[in-house]
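K.L.:
First, the structure itself, so that you have it in front of you.
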Amino acid sequence: MAGGKIDRGVRKAELKTIRALLVDDHALFRESVARVLASEPDLEVQHCASIRDALPMLAQQPFDVVLLDHDLGSERASQFLPAARQMGFDGRVLVVTAWVSENEARRLMRQGVAGIFLKEAPLKELTATIRTIAAGGTLPDKRLAGASTQGGGAGQSAVPVFNERQRRVLRFVLAGLSNKEIAWRLQISESYVKAILQSLFQKTGVRTRGQLVRVAFEQYEDQL
């Protein structure tokens with residue numbers, strides 16, 4: 001019996017500690033998740049609210065994995081890796097986010113993130129994913145894998161193309177016009193404007209008008 005206890009203690013002591021940095025601008029989420037993760041015997045977790053705060057922490061101490069939110073208010077996940085690599089960070093990056101468009105997901109994967117983990121998943125899955133990432137594995141994005149096999153290859157689905165009516169509605173949205181004002185300008189029904197907006201949401205992978213504005217400026221300016 002005593003021998004069994006000693007064996008378990010030895011195994012725990014032999015666990016390789018994974019040092020993780022959680023970067024998320026929502027304090028309740030960040031503090032709660034960090035507390036739960038830190039309760040694991042092989043995880044040490046620190047956290048901060050922005051990339052601006054994260055970079056000095058990476059310079060001061062080593063981290064194996066960075067858990068990075070995609071939307072950090074005035075910052076985006078795509079800004080992190082170039083800056084972190086430039087200062088010598090060679091750890092893994094897991095984007096932990098509530099949403100991300102397929103186009104932005106491709107950009108992040110090209111930059112070298114190890115995976116994209118959605119916040120709707122259980123914490124138990126996040127813990128397992130962190131261990132996989134730290135060990136050198138990756139988390140495939142199933143949405144991107146599916147898109148690459150449709151229509152003859154990934155190149156055809158990498159960037160959605162807007163038709164002229166979608167472009168005009170999007171320009172009015174960026175100008176701050178309401179659905180009613182857009183309908184009047186285009187001489188169409190308000191319900192038709194809503195339908196066009198829904199098609200824009202689907203093409204860009206966003207859920208709200210605010211996200212659409214942000215993504216349009218960041219990723220589709222050439223189509224405006």
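In the structure tokens, the first chain shown is A, the next is B, and so on; residue numbers restart at 1 for each chain, and ligands run from 1 in the order shown.
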Could the residues of range 61-110 of chain A that have an atom at most 12 Å from range 197-217 of chain A be listed as CSV, each with its closest atom pair and the distance in Å to one decimal, counting only C-alpha atoms and ordered by chain and ascending residue number?

P.N.:
residue,atom,partner,partner_atom,distance
A:Asp71,CA,A:Gln211,CA,9.8
A:Gly73,CA,A:Arg214,CA,10.5
A:Ser74,CA,A:Arg214,CA,10.4
A:Glu75,CA,A:Arg214,CA,11.3
A:Arg76,CA,A:Arg214,CA,10.6
A:Ala98,CA,A:Val206,CA,10.6
A:Trp99,CA,A:Val206,CA,7.4
A:Val100,CA,A:Gly205,CA,6.9
A:Ser101,CA,A:Gly205,CA,4.3
A:Glu102,CA,A:Gly205,CA,6.3
A:Asn103,CA,A:Thr204,CA,7.5
A:Glu104,CA,A:Val215,CA,8.6
A:Ala105,CA,A:Gly205,CA,10.2

K.L.:
Set the distance at 12 Å and use only C-alpha atoms: which residues neighbour Ala134 in chain A once local chain neighbours fewer than 6 positions away are removed? I'd like the list as number ranges by chain.

P.N.:
A: 16-20, 42-43, 63-67, 90-94, 114-115, 127-128

K.L.:
Write out, as an mmCIF file, in the first residue's frame, the residues just selected, with C-alpha atoms.

P.N.:
data_model
loop_
_atom_site.group_PDB
_atom_site.id
_atom_site.type_symbol
_atom_site.label_atom_id
_atom_site.label_comp_id
_atom_site.auth_asym_id
_atom_site.auth_seq_id
_atom_site.Cartn_x
_atom_site.Cartn_y
_atom_site.Cartn_z
ATOM 1 C CA LYS A 16 7.285 17.669 -17.066
ATOM 2 C CA THR A 17 5.963 21.074 -16.061
ATOM 3 C CA ILE A 18 4.336 23.036 -18.870
ATOM 4 C CA ARG A 19 4.617 26.787 -18.438
ATOM 5 C CA ALA A 20 1.663 28.544 -20.075
ATOM 6 C CA ASP A 42 1.888 19.587 -14.691
ATOM 7 C CA LEU A 43 0.708 23.108 -15.542
ATOM 8 C CA PHE A 63 6.968 29.847 -21.561
ATOM 9 C CA ASP A 64 6.218 26.625 -23.427
ATOM 10 C CA VAL A 65 2.738 27.582 -24.643
ATOM 11 C CA VAL A 66 0.899 30.872 -25.141
ATOM 12 C CA LEU A 67 -2.914 30.682 -25.029
ATOM 13 C CA ASP A 90 10.282 29.799 -29.728
ATOM 14 C CA GLY A 91 7.345 28.263 -27.854
ATOM 15 C CA ARG A 92 3.976 27.145 -29.216
ATOM 16 C CA VAL A 93 0.883 29.316 -29.665
ATOM 17 C CA LEU A 94 -2.689 28.089 -29.286
ATOM 18 C CA ALA A 114 -0.290 25.292 -33.433
ATOM 19 C CA GLY A 115 -4.082 25.364 -33.497
ATOM 20 C CA THR A 127 -6.151 20.922 -20.799
ATOM 21 C CA ALA A 128 -5.597 17.932 -23.077
#

K.L.:
So which bits of range 6-160 of chain A end up strand (DSSP E or B) when you DSSP the backbone, as an mmCIF file with N, CA, C and O atoms, in the first residue's frame?

P.N.:
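Final output, result_1.cif:
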data_model
loop_
_atom_site.group_PDB
_atom_site.id
_atom_site.type_symbol
_atom_site.label_atom_id
_atom_site.label_comp_id
_atom_site.auth_asym_id
_atom_site.auth_seq_id
_atom_site.Cartn_x
_atom_site.Cartn_y
_atom_site.Cartn_z
ATOM 1 N N ILE A 18 4.619 22.206 -17.697
ATOM 2 C CA ILE A 18 4.336 23.036 -18.870
ATOM 3 C C ILE A 18 4.030 24.443 -18.379
ATOM 4 O O ILE A 18 3.096 24.654 -17.609
ATOM 5 N N ARG A 19 4.824 25.403 -18.831
ATOM 6 C CA ARG A 19 4.617 26.787 -18.438
ATOM 7 C C ARG A 19 3.777 27.475 -19.509
ATOM 8 O O ARG A 19 4.187 27.559 -20.666
ATOM 9 N N ALA A 20 2.599 27.943 -19.118
ATOM 10 C CA ALA A 20 1.663 28.544 -20.075
ATOM 11 C C ALA A 20 1.370 29.991 -19.708
ATOM 12 O O ALA A 20 1.301 30.348 -18.529
ATOM 13 N N LEU A 21 1.189 30.809 -20.740
ATOM 14 C CA LEU A 21 0.786 32.201 -20.562
ATOM 15 C C LEU A 21 -0.550 32.397 -21.269
ATOM 16 O O LEU A 21 -0.660 32.176 -22.476
ATOM 17 N N LEU A 22 -1.562 32.798 -20.503
ATOM 18 C CA LEU A 22 -2.893 33.028 -21.049
ATOM 19 C C LEU A 22 -3.078 34.526 -21.301
ATOM 20 O O LEU A 22 -2.954 35.339 -20.380
ATOM 21 N N VAL A 23 -3.383 34.879 -22.554
ATOM 22 C CA VAL A 23 -3.557 36.283 -22.928
ATOM 23 C C VAL A 23 -5.004 36.484 -23.367
ATOM 24 O O VAL A 23 -5.414 36.006 -24.424
ATOM 25 N N LEU A 43 0.877 21.806 -14.899
ATOM 26 C CA LEU A 43 0.708 23.108 -15.542
ATOM 27 C C LEU A 43 1.018 24.257 -14.586
ATOM 28 O O LEU A 43 0.546 24.267 -13.453
ATOM 29 N N GLU A 44 1.804 25.203 -15.061
ATOM 30 C CA GLU A 44 2.009 26.470 -14.369
ATOM 31 C C GLU A 44 1.472 27.563 -15.288
ATOM 32 O O GLU A 44 1.866 27.634 -16.454
ATOM 33 N N VAL A 45 0.587 28.393 -14.778
ATOM 34 C CA VAL A 45 -0.105 29.347 -15.639
ATOM 35 C C VAL A 45 0.014 30.764 -15.104
ATOM 36 O O VAL A 45 -0.233 31.018 -13.925
ATOM 37 N N GLN A 46 0.412 31.668 -15.972
ATOM 38 C CA GLN A 46 0.338 33.095 -15.688
ATOM 39 C C GLN A 46 -0.587 33.714 -16.731
ATOM 40 O O GLN A 46 -0.867 33.101 -17.759
ATOM 41 N N HIS A 47 -1.055 34.922 -16.474
ATOM 42 C CA HIS A 47 -1.997 35.514 -17.418
ATOM 43 C C HIS A 47 -1.842 37.022 -17.469
ATOM 44 O O HIS A 47 -1.322 37.658 -16.545
ATOM 45 N N CYS A 48 -2.298 37.592 -18.597
ATOM 46 C CA CYS A 48 -2.308 39.037 -18.775
ATOM 47 C C CYS A 48 -3.402 39.385 -19.778
ATOM 48 O O CYS A 48 -4.019 38.499 -20.375
ATOM 49 N N VAL A 65 3.951 27.394 -23.852
ATOM 50 C CA VAL A 65 2.738 27.582 -24.643
ATOM 51 C C VAL A 65 2.115 28.935 -24.302
ATOM 52 O O VAL A 65 2.033 29.308 -23.132
ATOM 53 N N VAL A 66 1.684 29.649 -25.328
ATOM 54 C CA VAL A 66 0.899 30.872 -25.141
ATOM 55 C C VAL A 66 -0.524 30.584 -25.595
ATOM 56 O O VAL A 66 -0.746 30.114 -26.719
ATOM 57 N N LEU A 67 -1.493 30.826 -24.716
ATOM 58 C CA LEU A 67 -2.914 30.682 -25.029
ATOM 59 C C LEU A 67 -3.428 32.074 -25.350
ATOM 60 O O LEU A 67 -3.519 32.925 -24.465
ATOM 61 N N LEU A 68 -3.755 32.316 -26.605
ATOM 62 C CA LEU A 68 -3.954 33.670 -27.096
ATOM 63 C C LEU A 68 -5.362 33.870 -27.647
ATOM 64 O O LEU A 68 -5.787 33.159 -28.559
ATOM 65 N N ASP A 71 -9.438 38.126 -30.478
ATOM 66 C CA ASP A 71 -9.904 39.512 -30.443
ATOM 67 C C ASP A 71 -9.583 40.117 -29.084
ATOM 68 O O ASP A 71 -10.229 39.818 -28.088
ATOM 69 N N LEU A 72 -8.560 40.969 -29.058
ATOM 70 C CA LEU A 72 -8.112 41.580 -27.806
ATOM 71 C C LEU A 72 -8.401 43.087 -27.803
ATOM 72 O O LEU A 72 -7.574 43.891 -27.406
ATOM 73 N N GLU A 75 -6.174 44.965 -30.280
ATOM 74 C CA GLU A 75 -5.135 44.068 -30.788
ATOM 75 C C GLU A 75 -5.761 42.810 -31.380
ATOM 76 O O GLU A 75 -6.867 42.426 -31.006
ATOM 77 N N ARG A 76 -5.020 42.162 -32.295
ATOM 78 C CA ARG A 76 -5.444 40.911 -32.903
ATOM 79 C C ARG A 76 -4.362 39.853 -32.715
ATOM 80 O O ARG A 76 -3.177 40.173 -32.645
ATOM 81 N N ARG A 92 5.146 27.400 -28.379
ATOM 82 C CA ARG A 92 3.976 27.145 -29.216
ATOM 83 C C ARG A 92 2.875 28.150 -28.878
ATOM 84 O O ARG A 92 2.803 28.665 -27.757
ATOM 85 N N VAL A 93 1.997 28.388 -29.852
ATOM 86 C CA VAL A 93 0.883 29.316 -29.665
ATOM 87 C C VAL A 93 -0.418 28.609 -30.008
ATOM 88 O O VAL A 93 -0.564 28.044 -31.100
ATOM 89 N N LEU A 94 -1.351 28.631 -29.067
ATOM 90 C CA LEU A 94 -2.689 28.089 -29.286
ATOM 91 C C LEU A 94 -3.670 29.254 -29.191
ATOM 92 O O LEU A 94 -3.744 29.922 -28.163
ATOM 93 N N VAL A 95 -4.386 29.520 -30.270
ATOM 94 C CA VAL A 95 -5.395 30.587 -30.252
ATOM 95 C C VAL A 95 -6.656 30.040 -29.597
ATOM 96 O O VAL A 95 -7.210 29.031 -30.040
ATOM 97 N N VAL A 96 -7.101 30.686 -28.525
ATOM 98 C CA VAL A 96 -8.299 30.275 -27.785
ATOM 99 C C VAL A 96 -9.314 31.401 -27.933
ATOM 100 O O VAL A 96 -9.136 32.476 -27.362
ATOM 101 N N THR A 97 -10.358 31.163 -28.686
ATOM 102 C CA THR A 97 -11.230 32.268 -29.089
ATOM 103 C C THR A 97 -12.686 31.837 -29.178
ATOM 104 O O THR A 97 -12.987 30.652 -29.319
ATOM 105 N N GLY A 115 -2.681 25.750 -33.391
ATOM 106 C CA GLY A 115 -4.082 25.364 -33.497
ATOM 107 C C GLY A 115 -4.999 26.491 -33.061
ATOM 108 O O GLY A 115 -4.552 27.507 -32.531
ATOM 109 N N ILE A 116 -6.295 26.274 -33.320
ATOM 110 C CA ILE A 116 -7.324 27.224 -32.915
ATOM 111 C C ILE A 116 -8.368 26.466 -32.111
ATOM 112 O O ILE A 116 -8.994 25.521 -32.605
ATOM 113 N N PHE A 117 -8.534 26.866 -30.857
ATOM 114 C CA PHE A 117 -9.424 26.182 -29.921
ATOM 115 C C PHE A 117 -10.591 27.105 -29.595
ATOM 116 O O PHE A 117 -10.389 28.251 -29.182
ATOM 117 N N LEU A 118 -11.820 26.629 -29.791
ATOM 118 C CA LEU A 118 -13.000 27.448 -29.548
ATOM 119 C C LEU A 118 -13.419 27.403 -28.084
ATOM 120 O O LEU A 118 -13.429 26.332 -27.456
ATOM 121 N N LEU A 139 -3.355 21.184 -33.537
ATOM 122 C CA LEU A 139 -4.804 21.016 -33.469
ATOM 123 C C LEU A 139 -5.375 21.407 -34.834
ATOM 124 O O LEU A 139 -5.509 22.592 -35.124
#

K.L.:
For Lys124 in chain A, which of A:Asp25, A:Glu218, A:Glu164, A:Glu40 is the closest residue, counting only C-alpha atoms?

P.N.:
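For Lys124 in chain A, the nearest of the candidates is A:Glu40.
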
K.L.:
Could you check which of A:Leu28, A:Gly176, A:Gln219, A:Val36 is closest to Leu126 in chain A, using only C-alpha atoms?

P.N.:
A:Val36
